[in-house]
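J.: What follows is start_26.txt, made up of compact mmCIF, C-alpha atoms and all ligand atoms:
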# COMPACT_ATOMS: atom_id res chain seq x y z
CA MET A 744 -13.17 8.55 4.18
CA THR A 745 -16.73 7.32 3.78
CA ILE A 746 -17.29 4.56 1.29
CA GLY A 747 -20.35 2.64 0.17
CA VAL A 748 -20.79 -1.06 -0.57
CA ILE A 749 -23.88 -2.19 -2.46
CA GLY A 750 -24.80 -5.86 -2.10
CA THR A 751 -24.14 -7.61 1.20
CA GLY A 752 -23.60 -11.15 -0.07
CA THR A 753 -20.35 -13.10 0.10
CA MET A 754 -18.19 -10.39 -1.46
CA GLY A 755 -19.94 -7.26 -0.19
CA ILE A 756 -19.56 -8.09 3.50
CA GLY A 757 -15.92 -9.04 2.97
CA ILE A 758 -15.17 -5.76 1.18
CA ALA A 759 -17.02 -3.78 3.89
CA GLN A 760 -14.91 -5.48 6.56
CA VAL A 761 -11.68 -4.68 4.68
CA ALA A 762 -12.58 -0.99 4.30
CA ALA A 763 -13.79 -0.60 7.90
CA THR A 764 -10.64 -2.32 9.18
CA ALA A 765 -8.62 0.30 7.28
CA GLY A 766 -10.51 3.04 9.16
CA CYS A 767 -13.21 3.97 6.63
CA THR A 768 -16.80 4.61 7.55
CA VAL A 769 -18.69 2.09 5.42
CA ARG A 770 -22.31 2.42 4.36
CA ILE A 771 -23.81 -0.89 3.23
CA PHE A 772 -27.03 -1.56 1.36
CA ASP A 773 -28.80 -4.59 -0.05
CA SER A 774 -32.20 -4.63 -1.78
CA TYR A 775 -32.98 -7.91 -0.02
CA GLN A 776 -33.78 -7.01 3.60
CA ALA A 777 -32.82 -10.42 4.98
CA SER A 778 -29.38 -10.18 3.37
CA LEU A 779 -28.81 -6.70 4.85
CA GLU A 780 -29.91 -7.91 8.29
CA LYS A 781 -27.43 -10.80 8.12
CA ALA A 782 -24.55 -8.52 7.09
CA LYS A 783 -23.47 -7.09 10.43
CA PRO A 784 -23.76 -10.37 12.36
CA GLY A 785 -21.75 -11.99 9.53
CA ILE A 786 -18.97 -9.40 9.78
CA GLN A 787 -19.09 -9.61 13.58
CA LYS A 788 -18.53 -13.37 13.39
CA SER A 789 -15.51 -12.89 11.15
CA LEU A 790 -14.08 -10.23 13.51
CA ASP A 791 -14.78 -12.41 16.57
CA SER A 792 -12.78 -15.24 15.04
CA LEU A 793 -9.81 -12.88 14.56
CA VAL A 794 -10.11 -11.86 18.23
CA ALA A 795 -10.35 -15.52 19.31
CA LYS A 796 -7.18 -16.33 17.35
CA GLY A 797 -5.38 -13.44 19.02
CA LYS A 798 -5.01 -11.57 15.73
CA MET A 799 -7.07 -8.57 16.86
CA GLU A 800 -7.95 -6.78 20.09
CA ALA A 801 -11.62 -7.02 21.11
CA SER A 802 -11.78 -3.20 21.34
CA THR A 803 -10.45 -2.87 17.77
CA ALA A 804 -13.07 -5.34 16.51
CA GLU A 805 -15.75 -3.29 18.23
CA GLN A 806 -14.53 -0.07 16.60
CA ILE A 807 -14.43 -1.72 13.16
CA ALA A 808 -17.98 -3.06 13.54
CA GLY A 809 -19.09 0.39 14.70
CA ARG A 810 -17.89 1.93 11.43
CA ILE A 811 -20.17 -0.29 9.33
CA LEU A 812 -23.52 1.42 8.88
CA PRO A 813 -26.44 -0.39 7.22
CA ALA A 814 -28.50 2.00 5.06
CA THR A 815 -32.21 1.85 4.38
CA GLY A 816 -31.68 3.09 0.83
CA LEU A 817 -29.12 4.47 -1.62
CA PRO A 818 -29.89 8.13 -0.74
CA GLU A 819 -27.84 7.54 2.43
CA PHE A 820 -24.76 7.07 0.17
CA GLN A 821 -24.73 10.81 -0.55
CA ASP A 822 -21.48 11.48 1.38
CA CYS A 823 -19.50 8.55 -0.07
CA SER A 824 -16.33 9.27 -2.04
CA LEU A 825 -16.13 5.71 -3.39
CA VAL A 826 -18.93 3.20 -3.91
CA ILE A 827 -18.16 -0.46 -4.69
CA GLU A 828 -20.97 -2.52 -6.14
CA ALA A 829 -21.05 -6.28 -5.36
CA ILE A 830 -24.58 -7.30 -6.37
CA VAL A 831 -25.91 -10.03 -8.63
CA GLU A 832 -23.87 -10.59 -11.83
CA LYS A 833 -26.47 -9.11 -14.23
CA LYS A 834 -25.51 -6.17 -16.41
CA GLU A 835 -28.95 -4.53 -16.58
CA ILE A 836 -29.45 -4.71 -12.79
CA LYS A 837 -26.00 -3.28 -12.12
CA ALA A 838 -26.57 -0.51 -14.71
CA ALA A 839 -29.85 0.50 -13.05
CA VAL A 840 -28.12 0.72 -9.65
CA PHE A 841 -25.33 2.95 -11.04
CA GLN A 842 -27.85 5.22 -12.75
CA GLU A 843 -29.74 5.66 -9.49
CA LEU A 844 -26.50 6.22 -7.60
CA GLU A 845 -25.31 8.95 -9.95
CA GLY A 846 -28.35 11.00 -8.98
CA ILE A 847 -27.32 10.79 -5.31
CA VAL A 848 -23.52 10.94 -4.93
CA SER A 849 -21.26 13.97 -5.53
CA GLU A 850 -19.73 14.62 -8.95
CA ASP A 851 -16.29 13.37 -7.88
CA CYS A 852 -17.44 10.15 -6.18
CA ILE A 853 -15.74 7.12 -7.79
CA LEU A 854 -18.05 4.30 -8.86
CA ALA A 855 -16.64 0.78 -8.97
CA SER A 856 -17.84 -2.72 -9.74
CA ASN A 857 -16.53 -5.97 -8.27
CA THR A 858 -17.79 -7.87 -11.32
CA SER A 859 -15.89 -11.02 -12.33
CA SER A 860 -17.18 -11.40 -15.85
CA LEU A 861 -18.87 -8.26 -17.21
CA SER A 862 -16.93 -5.74 -19.26
CA ILE A 863 -16.06 -2.60 -17.29
CA ALA A 864 -16.56 -0.51 -20.44
CA SER A 865 -20.15 -1.74 -20.80
CA LEU A 866 -20.94 -0.87 -17.17
CA ALA A 867 -19.20 2.52 -17.44
CA ALA A 868 -21.32 3.22 -20.52
CA SER A 869 -24.44 3.05 -18.35
CA CYS A 870 -23.19 6.08 -16.36
CA ARG A 871 -23.66 9.75 -17.08
CA LYS A 872 -20.00 10.29 -16.11
CA PRO A 873 -18.23 7.11 -17.37
CA GLU A 874 -14.77 8.59 -16.65
CA ARG A 875 -15.38 8.08 -12.90
CA PHE A 876 -16.08 4.36 -13.35
CA ILE A 877 -13.57 1.53 -12.70
CA GLY A 878 -13.38 -2.21 -11.95
CA ILE A 879 -12.10 -3.14 -8.48
CA HIS A 880 -12.02 -6.92 -8.32
CA PHE A 881 -11.50 -8.59 -4.94
CA PHE A 882 -10.98 -12.31 -4.35
CA ASN A 883 -12.96 -14.52 -2.01
CA PRO A 884 -12.70 -14.27 1.00
CA ALA A 885 -11.93 -10.55 0.61
CA PRO A 886 -10.51 -10.03 4.14
CA VAL A 887 -8.03 -12.88 3.60
CA MET A 888 -6.99 -12.70 -0.04
CA LYS A 889 -4.33 -10.03 -0.55
CA LEU A 890 -4.86 -9.46 -4.27
CA VAL A 891 -7.13 -6.86 -5.87
CA GLU A 892 -7.27 -6.38 -9.65
CA ILE A 893 -7.80 -2.77 -10.72
CA ILE A 894 -9.41 -2.57 -14.15
CA PRO A 895 -9.80 0.79 -15.88
CA ALA A 896 -12.37 0.93 -18.66
CA VAL A 897 -11.48 2.71 -21.90
CA GLN A 898 -13.54 5.61 -20.52
CA THR A 899 -11.85 5.79 -17.05
CA SER A 900 -9.78 8.91 -16.32
CA GLY A 901 -6.14 8.60 -15.23
CA SER A 902 -6.81 10.34 -11.93
CA VAL A 903 -9.56 7.84 -11.06
CA VAL A 904 -7.12 4.97 -11.74
CA ASN A 905 -4.54 6.57 -9.43
CA GLN A 906 -7.08 7.26 -6.69
CA ALA A 907 -8.38 3.68 -6.86
CA LEU A 908 -4.85 2.27 -6.67
CA THR A 909 -3.92 4.51 -3.73
CA THR A 910 -7.12 3.74 -1.82
CA ILE A 911 -6.96 -0.03 -2.22
CA LYS A 912 -3.23 -0.15 -1.41
CA GLY A 913 -4.06 1.92 1.68
CA TRP A 914 -6.42 -0.89 2.72
CA GLY A 915 -3.39 -3.20 2.89
CA LYS A 916 -4.05 -4.96 -0.41
CA ILE A 917 -1.68 -5.85 -3.25
CA THR A 918 -2.96 -4.25 -6.44
CA VAL A 919 -2.37 -5.26 -10.04
CA LEU A 920 -3.49 -3.29 -13.07
CA ALA A 921 -5.40 -5.29 -15.68
CA LYS A 922 -6.78 -4.43 -19.10
CA ASP A 923 -10.55 -4.69 -19.44
CA THR A 924 -10.62 -8.13 -21.13
CA PRO A 925 -12.48 -11.34 -20.15
CA GLY A 926 -11.28 -12.89 -16.89
CA PHE A 927 -8.93 -9.92 -16.30
CA ILE A 928 -5.67 -11.57 -15.13
CA VAL A 929 -6.38 -14.39 -12.68
CA ASN A 930 -9.56 -15.86 -14.13
CA ARG A 931 -7.94 -15.92 -17.57
CA VAL A 932 -4.42 -17.14 -16.79
CA ALA A 933 -5.67 -19.86 -14.37
CA ARG A 934 -7.95 -21.54 -16.95
CA PRO A 935 -5.44 -24.18 -18.17
CA PHE A 936 -4.93 -25.40 -14.58
CA TYR A 937 -8.46 -26.78 -14.79
CA GLY A 938 -8.94 -27.10 -18.57
CA GLU A 939 -5.76 -28.97 -19.42
CA ALA A 940 -6.18 -31.26 -16.40
CA LEU A 941 -9.69 -32.07 -17.63
CA ARG A 942 -8.34 -32.68 -21.15
CA ILE A 943 -5.74 -35.12 -19.79
CA TYR A 944 -8.52 -36.93 -17.90
CA ASP A 945 -10.91 -36.87 -20.87
CA GLU A 946 -8.26 -38.48 -23.06
CA GLY A 947 -7.91 -41.30 -20.55
CA ILE A 948 -4.26 -40.50 -19.81
CA ALA A 949 -4.76 -40.46 -16.03
CA ASP A 950 -7.49 -40.33 -13.38
CA PHE A 951 -8.36 -37.39 -11.09
CA ALA A 952 -6.26 -38.60 -8.16
CA THR A 953 -3.18 -39.15 -10.33
CA ILE A 954 -3.43 -35.72 -11.98
CA ASP A 955 -3.90 -34.06 -8.58
CA TRP A 956 -0.91 -35.98 -7.20
CA ALA A 957 1.27 -34.96 -10.18
CA MET A 958 0.47 -31.23 -9.84
CA LYS A 959 1.12 -31.24 -6.08
CA THR A 960 4.21 -33.44 -6.16
CA PHE A 961 6.07 -32.01 -9.14
CA GLY A 962 4.61 -28.49 -9.15
CA GLY A 963 4.19 -27.82 -5.44
CA PHE A 964 0.62 -26.59 -5.94
CA PRO A 965 -1.25 -26.58 -2.61
CA MET A 966 -4.24 -28.40 -4.17
CA GLY A 967 -4.61 -30.43 -7.35
CA PRO A 968 -6.96 -29.16 -10.09
CA PHE A 969 -9.79 -31.57 -9.25
CA GLU A 970 -9.55 -30.98 -5.52
CA LEU A 971 -9.60 -27.25 -6.23
CA MET A 972 -12.59 -27.45 -8.59
CA ASP A 973 -14.45 -29.44 -5.93
CA PHE A 974 -13.52 -26.77 -3.39
CA ILE A 975 -14.60 -23.84 -5.60
CA GLY A 976 -17.74 -25.66 -6.78
CA ASN A 977 -18.19 -27.13 -10.24
CA ASP A 978 -21.10 -24.79 -10.95
CA ILE A 979 -19.00 -21.67 -10.30
CA ASN A 980 -15.82 -22.97 -11.94
CA TYR A 981 -17.68 -24.25 -15.02
CA THR A 982 -19.57 -20.97 -15.43
CA VAL A 983 -16.35 -18.93 -15.31
CA THR A 984 -14.79 -21.22 -17.96
CA GLU A 985 -17.82 -21.05 -20.23
CA THR A 986 -18.05 -17.25 -19.88
CA VAL A 987 -14.36 -16.78 -20.67
CA PHE A 988 -14.65 -19.22 -23.62
CA HIS A 989 -17.58 -17.35 -25.19
CA SER A 990 -16.11 -13.94 -24.39
CA PHE A 991 -12.94 -14.94 -26.29
CA PHE A 992 -15.03 -15.71 -29.37
CA CYS A 993 -14.78 -19.46 -28.72
CA ASP A 994 -10.98 -19.71 -28.67
CA PRO A 995 -10.23 -23.47 -28.27
CA ARG A 996 -7.71 -22.63 -25.52
CA PHE A 997 -10.62 -21.99 -23.18
CA MET A 998 -12.97 -24.77 -24.34
CA PRO A 999 -15.00 -26.20 -21.43
CA SER A 1000 -15.11 -29.95 -20.74
CA PHE A 1001 -18.22 -32.13 -20.93
CA THR A 1002 -16.96 -34.03 -17.90
CA GLN A 1003 -17.31 -30.91 -15.76
CA LYS A 1004 -20.56 -29.85 -17.42
CA ARG A 1005 -22.19 -33.21 -16.70
CA LEU A 1006 -21.03 -33.14 -13.06
CA MET A 1007 -22.58 -29.70 -12.71
CA GLU A 1008 -25.84 -30.88 -14.33
CA ALA A 1009 -25.91 -33.90 -12.03
CA GLY A 1010 -25.57 -31.66 -8.99
CA TYR A 1011 -22.11 -33.06 -8.23
CA LEU A 1012 -20.86 -29.61 -7.32
CA GLY A 1013 -17.99 -30.64 -5.08
CA ARG A 1014 -17.52 -30.31 -1.33
CA LYS A 1015 -20.66 -28.23 -0.85
CA SER A 1016 -22.91 -30.98 -2.28
CA GLY A 1017 -20.93 -33.86 -0.77
CA ARG A 1018 -19.79 -35.13 -4.15
CA GLY A 1019 -17.85 -33.83 -7.13
CA TYR A 1020 -14.85 -35.44 -8.74
CA TYR A 1021 -14.43 -37.09 -5.35
CA ASP A 1022 -16.97 -38.47 -2.88
CA TYR A 1023 -16.96 -36.57 0.43
CA SER A 1024 -19.35 -38.79 2.36
CA PRO A 1025 -17.91 -40.09 5.68
CA ASN A 1026 -16.90 -43.63 4.67
CA ALA A 1027 -16.35 -42.96 1.00
CA TYR A 1028 -13.69 -44.80 -0.98
CA LYS A 1029 -10.61 -42.60 -1.49
CA PRO A 1030 -8.98 -43.31 -4.84
CA SER A 1031 -5.19 -43.67 -4.79
CA PRO A 1032 -3.03 -42.02 -7.42
CA LEU A 1033 -0.84 -44.07 -9.72
CA GLU A 1034 2.46 -42.70 -8.49
CA GLU A 1035 4.54 -43.26 -11.57
CA GLU A 1036 7.20 -40.54 -11.84
CA LYS A 1037 7.63 -40.42 -15.62
CA GLN A 1038 3.91 -40.07 -16.25
CA GLY A 1039 3.47 -37.66 -13.33
CA ARG A 1040 6.13 -35.35 -14.70
CA MET A 1041 4.61 -35.55 -18.18
CA ILE A 1042 1.22 -34.44 -16.77
CA PHE A 1043 2.73 -31.61 -14.75
CA ASN A 1044 4.89 -30.36 -17.64
CA ARG A 1045 1.91 -30.29 -19.99
CA VAL A 1046 -0.29 -28.28 -17.62
CA LEU A 1047 2.56 -25.94 -16.68
CA ALA A 1048 3.45 -25.26 -20.33
CA MET A 1049 -0.19 -24.33 -21.01
CA LEU A 1050 -0.30 -22.06 -17.93
CA ILE A 1051 2.92 -20.31 -18.95
CA ASN A 1052 1.59 -19.91 -22.50
CA GLU A 1053 -1.52 -18.16 -21.17
CA ALA A 1054 0.52 -15.95 -18.83
CA ALA A 1055 2.89 -14.99 -21.66
CA ASP A 1056 0.00 -14.24 -24.00
CA ALA A 1057 -1.52 -11.93 -21.35
CA VAL A 1058 1.77 -9.99 -21.37
CA HIS A 1059 1.95 -10.12 -25.18
CA TYR A 1060 -1.50 -8.52 -25.47
CA ARG A 1061 -0.68 -5.94 -22.76
CA ILE A 1062 -3.34 -7.29 -20.36
CA ALA A 1063 -0.82 -6.70 -17.57
CA SER A 1064 2.91 -6.42 -16.98
CA ALA A 1065 4.98 -9.57 -16.38
CA GLN A 1066 5.44 -8.47 -12.75
CA ASP A 1067 1.68 -8.05 -12.23
CA VAL A 1068 0.84 -11.38 -13.91
CA ASP A 1069 3.19 -13.20 -11.52
CA LEU A 1070 1.93 -11.23 -8.51
CA ALA A 1071 -1.68 -11.98 -9.47
CA MET A 1072 -1.15 -15.73 -9.65
CA THR A 1073 0.88 -16.00 -6.45
CA LYS A 1074 -1.29 -13.66 -4.36
CA GLY A 1075 -4.72 -14.27 -5.97
CA VAL A 1076 -4.67 -18.08 -6.28
CA ASN A 1077 -1.64 -19.08 -4.18
CA TYR A 1078 0.50 -20.51 -7.01
CA PRO A 1079 3.81 -21.69 -5.55
CA LYS A 1080 5.75 -19.55 -8.03
CA GLY A 1081 5.03 -16.87 -10.61
CA LEU A 1082 4.42 -18.55 -13.99
CA LEU A 1083 6.80 -16.25 -15.87
CA GLN A 1084 9.54 -16.68 -13.29
CA TRP A 1085 8.95 -20.43 -13.72
CA ALA A 1086 9.34 -20.00 -17.49
CA ASP A 1087 12.68 -18.26 -16.95
CA GLU A 1088 13.84 -21.06 -14.66
CA ILE A 1089 12.95 -23.99 -16.92
CA GLY A 1090 13.94 -22.08 -20.04
CA ILE A 1091 11.68 -20.39 -22.58
CA GLN A 1092 12.94 -22.69 -25.34
CA ASN A 1093 11.87 -25.68 -23.28
CA VAL A 1094 8.32 -24.32 -22.96
CA VAL A 1095 8.15 -23.53 -26.69
CA ASP A 1096 9.33 -27.07 -27.52
CA GLN A 1097 6.65 -28.60 -25.31
CA LEU A 1098 3.91 -26.49 -26.85
CA ASP A 1099 5.14 -27.25 -30.38
CA ALA A 1100 5.17 -30.97 -29.57
CA LEU A 1101 1.55 -30.77 -28.36
CA PHE A 1102 0.57 -28.82 -31.47
CA ALA A 1103 2.30 -31.38 -33.72
CA GLU A 1104 0.47 -34.19 -31.92
CA TYR A 1105 -3.03 -32.67 -31.87
CA HIS A 1106 -3.10 -30.18 -34.78
CA ASP A 1107 -5.33 -28.06 -32.53
CA THR A 1108 -4.87 -24.27 -32.24
CA ARG A 1109 -5.49 -24.71 -28.50
CA TYR A 1110 -1.77 -25.60 -28.40
CA ARG A 1111 -0.47 -22.67 -30.47
CA CYS A 1112 2.53 -21.08 -28.84
CA SER A 1113 2.24 -17.43 -27.82
CA ALA A 1114 4.05 -15.16 -30.28
CA LEU A 1115 5.87 -13.60 -27.33
CA LEU A 1116 7.33 -16.92 -26.15
CA ARG A 1117 8.49 -17.75 -29.68
CA LYS A 1118 10.09 -14.31 -30.09
CA MET A 1119 11.82 -14.62 -26.72
CA SER A 1120 13.11 -18.11 -27.54
CA VAL A 1121 14.67 -16.77 -30.77
CA GLU A 1122 16.20 -13.79 -28.93
CA GLY A 1123 17.27 -15.90 -25.99
CA SER A 1124 15.65 -13.35 -23.64
CA ARG A 1125 13.98 -13.76 -20.24
CA PHE A 1126 10.97 -12.21 -18.49
CA PHE A 1127 13.03 -11.06 -15.51
CA SER A 1128 16.71 -10.27 -15.40
P1 LIG B 1 -24.05 -12.94 -3.59
O1 LIG B 1 -25.16 -13.60 -4.33
O2 LIG B 1 -23.45 -13.60 -2.42
O3 LIG B 1 -24.55 -11.47 -3.12
C1 LIG B 1 -25.18 -10.56 -3.96
C2 LIG B 1 -26.07 -9.66 -3.11
O4 LIG B 1 -26.56 -8.59 -3.95
C3 LIG B 1 -27.30 -10.36 -2.53
O5 LIG B 1 -27.33 -10.17 -1.12
C4 LIG B 1 -28.49 -9.68 -3.21
O6 LIG B 1 -29.61 -9.57 -2.37
C5 LIG B 1 -27.89 -8.33 -3.55
N1 LIG B 1 -28.58 -7.61 -4.62
C6 LIG B 1 -29.05 -8.12 -5.79
N2 LIG B 1 -29.59 -7.13 -6.54
C7 LIG B 1 -29.45 -5.98 -5.83
C8 LIG B 1 -29.78 -4.63 -6.09
N3 LIG B 1 -30.40 -4.27 -7.21
N4 LIG B 1 -29.47 -3.70 -5.16
C9 LIG B 1 -28.85 -4.05 -4.00
N5 LIG B 1 -28.52 -5.32 -3.71
C10 LIG B 1 -28.80 -6.28 -4.63
O7 LIG B 1 -22.93 -12.59 -4.70
P2 LIG B 1 -21.36 -12.49 -4.54
O8 LIG B 1 -20.76 -13.84 -4.70
O9 LIG B 1 -21.03 -11.68 -3.34
O10 LIG B 1 -20.97 -11.67 -5.86
C11 LIG B 1 -21.21 -10.30 -6.00
C12 LIG B 1 -20.38 -9.74 -7.13
O11 LIG B 1 -19.00 -10.01 -6.87
C13 LIG B 1 -20.68 -10.33 -8.51
O12 LIG B 1 -20.52 -9.32 -9.47
C14 LIG B 1 -19.59 -11.40 -8.68
O13 LIG B 1 -19.28 -11.62 -10.02
C15 LIG B 1 -18.43 -10.72 -7.97
N6 LIG B 1 -17.39 -11.61 -7.44
C16 LIG B 1 -17.72 -12.77 -6.76
C17 LIG B 1 -16.70 -13.57 -6.24
C18 LIG B 1 -17.02 -14.81 -5.47
O14 LIG B 1 -16.13 -15.64 -5.27
N7 LIG B 1 -18.25 -15.00 -5.00
C19 LIG B 1 -15.27 -13.22 -6.41
C20 LIG B 1 -15.05 -11.93 -7.04
C21 LIG B 1 -16.08 -11.20 -7.56
Represent the structure contained in this file as structure tokens.
Ligand code: NAI

T.:
Amino acid sequence: MTIGVIGTGTMGIGIAQVAATAGCTVRIFDSYQASLEKAKPGIQKSLDSLVAKGKMEASTAEQIAGRILPATGLPEFQDCSLVIEAIVEKKEIKAAVFQELEGIVSEDCILASNTSSLSIASLAASCRKPERFIGIHFFNPAPVMKLVEIIPAVQTSGSVVNQALTTIKGWGKITVLAKDTPGFIVNRVARPFYGEALRIYDEGIADFATIDWAMKTFGGFPMGPFELMDFIGNDINYTVTETVFHSFFCDPRFMPSFTQKRLMEAGYLGRKSGRGYYDYSPNAYKPSPLEEEKQGRMIFNRVLAMLINEAADAVHYRIASAQDVDLAMTKGVNYPKGLLQWADEIGIQNVVDQLDALFAEYHDTRYRCSALLRKMSVEGSRFFS
């Protein structure tokens, strides 16, 4: 199978490596010559590190690299049966690329976008044959992260959905099906991990170190919210939050925090700039958490209740199945447990009571309980049997 990848930035080279590792011939193109020139050495470096760690034979790495073919222009994508676009996140630029591509590829070539925030329907609408268009959303770094969200647009044909699922599963990935709504599954359901932690900080309930300690100690999360935001970068994390907030018609559940906005404006982006919520300079002061169990549990319970509420609402609005929501959060962002399984374990009624207590305290619709959770608490039902 010959596939095409357009855009050889962070995501494009990762996706090309995944497809070539699965045995595909991969044509790659980038409009910025320097980025295209860096692509093969970048992939080679990633393959070399697998060889050095003993995870791959040197001869295999050589074969994989040999299947990745830089193109001088899109006309060389003529023989591709699937093209995945991973260029700059601008709708008009992506649309122009798909229009050009449709004049080159065969009628049954599938066109896909790796977009994180644009609607798949709006991109499909830029195509002459929108039924062949689909969202295929990888996570960074693509060769490492197992999860891929598959997002059909309203226009996408059933056979294109099936072919996309089969192809991406064949590349060794775990696929989940998501409805074409802002943030798809992961970038929507994960928002309270950051947003509610920021709210707790903004209200002066606890500092960054204490909130991070509480989420790791009582929740078993590999990183606390502030450590994770510093790792992702406050610019990227803030932009995702703001995009999701506006795309959901300013639903207070997704409201961004001024604390994070100011850090971003100050250039305190996190690890990559040497300073974010924490200071990463060599002899920097490391704040200690206030390890008080009652307060730590209160912080963790509040964030978890908000995460479960978002996960349940995604199921309620048919964004994805309960199974896929839990798979997405454990495989896409390494949550220690699926949120809906967690809800079953602690009891749906318990989650509803926590949300109702928050709502009673704040009178803010941010804390409204998902209709699904309330219905399940009345019925006494569970997500999984
Ligand atoms: P990037 O900035 O690293 O790479 C984008 C590449 O596209 C650049 O090399 C640029 O020269 C090229 N490009 C721009 N316009 C082009 C055009 N008209 N034709 C051909 N090439 C063009 O971006 P990144 O981070 O790889 O993101 C790409 C896409 O993947 C975006 O849609 C983003 O939303 C999505 N995404 C990003 C993730 C991440 O963590 N970085 C995760 C999942 C999705």

J.: Pull the closest atom pair for each residue of region 979-1033 of chain A that gets at most 7 Å from region 945-962 of chain A, along with the distance in Å to one decimal, counting all atoms listed in the file, ordering rows by chain and then ascending residue number, as a tab-separated table.

T.:
residue	atom	partner	partner_atom	distance
A:Pro1030	CA	A:Ala952	CA	6.4
A:Ser1031	CA	A:Ala952	CA	6.2
A:Pro1032	CA	A:Thr953	CA	4.1
A:Leu1033	CA	A:Thr953	CA	5.5

J.: What residues of the protein or nucleic acid chains come within 9 Å of ligand LIG 1 (chain B) when you use only C-alpha atoms and all ligand atoms? Reply as JSON, numbers by chain.

T.: {"A": [749, 750, 751, 752, 753, 754, 755, 756, 757, 772, 773, 774, 775, 776, 777, 778, 779, 782, 817, 828, 829, 830, 831, 832, 833, 836, 837, 839, 840, 856, 857, 858, 859, 860, 861, 880, 881, 882, 883, 884, 885, 975, 979]}

J.: Given the choices A:Asp978, A:Glu819, A:Glu845, A:Asp1087, which gets closest to Glu1008 (chain A) if the distance is worked out from all atoms listed in the file?

T.: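 Using all atoms listed in the file, the shortest distance to Glu1008 (chain A) belongs to A:Asp978.
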
J.: Kindly extract all protein, DNA and RNA residues lying within 6 Å of the coordinates (-21.3, 2.3, 0.1) given in the file, considering only C-alpha atoms, and supply them as a list in words.

T.: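 These residues have at least one counted atom within 6 Å: Ile746, Gly747, Val748, Ile749, Val769, Arg770, Ile771, Phe820 and Val826 of chain A.
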
J.: With distances taken over only C-alpha atoms, which residue among A:Lys796, A:Arg1018, A:Arg942, A:Arg1109 lies nearest Glu1053 (chain A)?

T.: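 Ranking A:Lys796, A:Arg1018, A:Arg942, A:Arg1109 by distance to Glu1053 (chain A), first place goes to A:Arg1109.
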
J.: Find the spatial neighbours of region 887-894 of chain A, counting all atoms listed in the file, within a cut-off of 8 Å - ignore same-chain residues fewer than 4 positions away - and output them as an MDAnalysis selection string.

T.: chainID A and resid 863 877:883 904 907:908 911 915:923 927:928 1071 1074:1075

J.: At a cut-off of 9 Å, using all atoms listed in the file, what residues contact Thr1108 (chain A)? Leave out same-chain residues fewer than 3 positions from it and give the result as a PyMOL selection string.

T.: chain A and resi 994-996+1102+1105+1111-1112

J.: So the first atom is CA of Ala867 (chain A) and the second is CA of Gln842 (chain A); what is the distance between them in Å, to one decimal place?

T.: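 CA of Ala867 (chain A) sits 10.2 Å away from CA of Gln842 (chain A).
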
J.: My list of candidates is A:Val1095, A:Ala1027, A:Leu971, A:Val1058. Which is closest to Val1076 (chain A) when distances are computed with only C-alpha atoms?

T.: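 The shortest atom-to-atom distance to Val1076 (chain A) comes from A:Leu971.
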
J.: Which residues come within 12 Å of Met998 (chain A), counting all atoms listed in the file, excluding same-chain residues fewer than 6 positions away, as a list in words?

T.: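 Here the answer would be Arg934, Pro935, Tyr937, Gly938, Glu939, Leu941, Arg942, Tyr981, Thr982, Val983, Thr984, Glu985, Thr986, Val987, Phe988, His989, Ser990, Phe991, Phe992, Lys1004, Asp1107, Thr1108, Arg1109 and Tyr1110 of chain A.
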
J.: Measure the distance from CA of Met972 (chain A) to CA of Thr1073 (chain A) in Å and round it to one decimal.

T.: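 Interatomic distance here is 17.8 Å.
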
J.: Determine the nearest neighbour of Met1119 (chain A) from the options A:Thr803, A:Asn1093, A:Pro999, A:Phe964, counting all atoms listed in the file.

T.: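 Closest residue, counting all atoms listed in the file: A:Asn1093.
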
J.: In terms of the shortest atom-to-atom distance over all atoms listed in the file, which of A:Ala814, A:Gly1010, A:Asn1044, A:Ala1057 is closest to Asn930 (chain A)?

T.: A:Ala1057

J.: Once 3 Å is added on each side, what are the centre and the three edge lengths, in Å to one decimal, of the axis-aligned box enclosing the listed atoms of region 841-857 of chain A? Present them as AutoDock Vina command-line options.

T.:
--center_x -22.7 --center_y 4.3 --center_z -8.8 --size_x 20.0 --size_y 26.6 --size_z 13.8
